[in-house]
Amino acid sequence: MFNEFKNGDKVFVEGIGKNNGKVYKNVPAKIIERDPYFKDYLVRFKNGTEDWILPRNLNTFE
């Protein structure tokens, strides 16, 4: 199975997080892991918080 993002990739988050429903707009984060069942990604933000994000809400860090 193909993963769009690899562990350690830097991304921008644009969407709603699954942990607390927080809305993110162009927030930089780092991929920590991918859930093989739900197919979402755990990301860590600069302030140390983590949240699960759907792949459609992630953009590459360029």
# chains A, B, ... in the order shown; residues from 1 in each chain; ligands from 1
call {"tool": "residues_around", "arguments": {"residues": "Asn7 (chain A)", "least_positions_apart": "4", "cutoff": "6 Å", "atoms": "only C-alpha atoms", "output": "list in words"}}
result
Ile31, Ile32 and Glu33 of chain A
call {"tool": "residues_around", "arguments": {"residues": "Phe12 (chain A)", "least_positions_apart": "6", "cutoff": "7 Å", "atoms": "only C-alpha atoms", "output": "list in words"}}
result
Asn26, Val27, Pro28, Ala29, Leu58, Asn59, Thr60 and Phe61 of chain A
call {"tool": "write_last_selection", "arguments": {"atoms": "C-alpha atoms", "output": "PDB file, in the first residue's frame"}}
result
ATOM      1  CA  ASN A  26      -1.758  26.472   7.141  1.00  0.00           C
ATOM      2  CA  VAL A  27      -0.117  25.247  10.359  1.00  0.00           C
ATOM      3  CA  PRO A  28       3.273  23.546   9.857  1.00  0.00           C
ATOM      4  CA  ALA A  29       3.644  20.091  11.394  1.00  0.00           C
ATOM      5  CA  LEU A  58      -2.362  17.791   4.533  1.00  0.00           C
ATOM      6  CA  ASN A  59      -0.231  19.672   2.008  1.00  0.00           C
ATOM      7  CA  THR A  60       3.455  19.178   1.288  1.00  0.00           C
ATOM      8  CA  PHE A  61       5.914  21.569   2.878  1.00  0.00           C
TER       9      PHE A  61
END
call {"tool": "atom_distance", "arguments": {"atom1": "CA of Lys46 (chain A)", "atom2": "CA of Gly15 (chain A)"}}
result
16.8 Å
call {"tool": "closest_residue", "arguments": {"among": "A:Val11, A:Arg34, A:Asn3, A:Asn20", "to": "Thr49 (chain A)", "atoms": "only C-alpha atoms"}}
result
A:Asn20
call {"tool": "select_by_dssp", "arguments": {"residues": "chain A", "states": "strand (DSSP E or B)", "output": "PyMOL selection string"}}
result
chain A and resi 10-16+23-34+41-45+50-53+58-60
call {"tool": "residues_around", "arguments": {"residues": "Asp40 (chain A)", "least_positions_apart": "4", "cutoff": "10 Å", "atoms": "only C-alpha atoms", "output": "list of chain:residue names"}}
result
A:Lys18, A:Glu33, A:Arg34, A:Asp35, A:Pro36, A:Trp52, A:Ile53, A:Leu54, A:Pro55, A:Arg56, A:Asn57
call {"tool": "decode", "arguments": {"residues": "region 21-34 of chain A", "atoms": "N, CA and C atoms", "output": "compact mmCIF listing (two decimals), in the first residue's frame"}}
result
# COMPACT_ATOMS: atom_id res chain seq x y z
N GLY A 21 -11.29 18.45 17.60
CA GLY A 21 -12.08 19.20 16.62
C GLY A 21 -11.53 20.58 16.30
N LYS A 22 -10.28 20.83 16.64
CA LYS A 22 -9.66 22.13 16.36
C LYS A 22 -9.47 22.31 14.86
N VAL A 23 -9.71 23.53 14.39
CA VAL A 23 -9.54 23.85 12.97
C VAL A 23 -8.15 24.45 12.77
N TYR A 24 -7.41 23.88 11.83
CA TYR A 24 -6.05 24.33 11.53
C TYR A 24 -6.06 24.99 10.15
N LYS A 25 -5.34 26.12 10.02
CA LYS A 25 -5.21 26.82 8.75
C LYS A 25 -3.73 27.08 8.48
N ASN A 26 -3.17 26.33 7.54
CA ASN A 26 -1.76 26.47 7.14
C ASN A 26 -0.80 26.40 8.33
N VAL A 27 -0.98 25.42 9.19
CA VAL A 27 -0.12 25.25 10.36
C VAL A 27 0.94 24.19 10.02
N PRO A 28 2.23 24.54 10.14
CA PRO A 28 3.27 23.55 9.86
C PRO A 28 3.31 22.45 10.93
N ALA A 29 3.58 21.24 10.49
CA ALA A 29 3.64 20.09 11.39
C ALA A 29 4.56 19.04 10.79
N LYS A 30 4.82 18.00 11.58
CA LYS A 30 5.68 16.89 11.15
C LYS A 30 4.91 15.59 11.32
N ILE A 31 4.98 14.71 10.32
CA ILE A 31 4.31 13.42 10.36
C ILE A 31 5.01 12.52 11.38
N ILE A 32 4.24 11.95 12.30
CA ILE A 32 4.78 11.03 13.29
C ILE A 32 4.53 9.59 12.85
N GLU A 33 3.29 9.28 12.48
CA GLU A 33 2.95 7.93 12.03
C GLU A 33 1.64 7.95 11.26
N ARG A 34 1.35 6.83 10.59
CA ARG A 34 0.11 6.66 9.84
C ARG A 34 -0.65 5.49 10.43
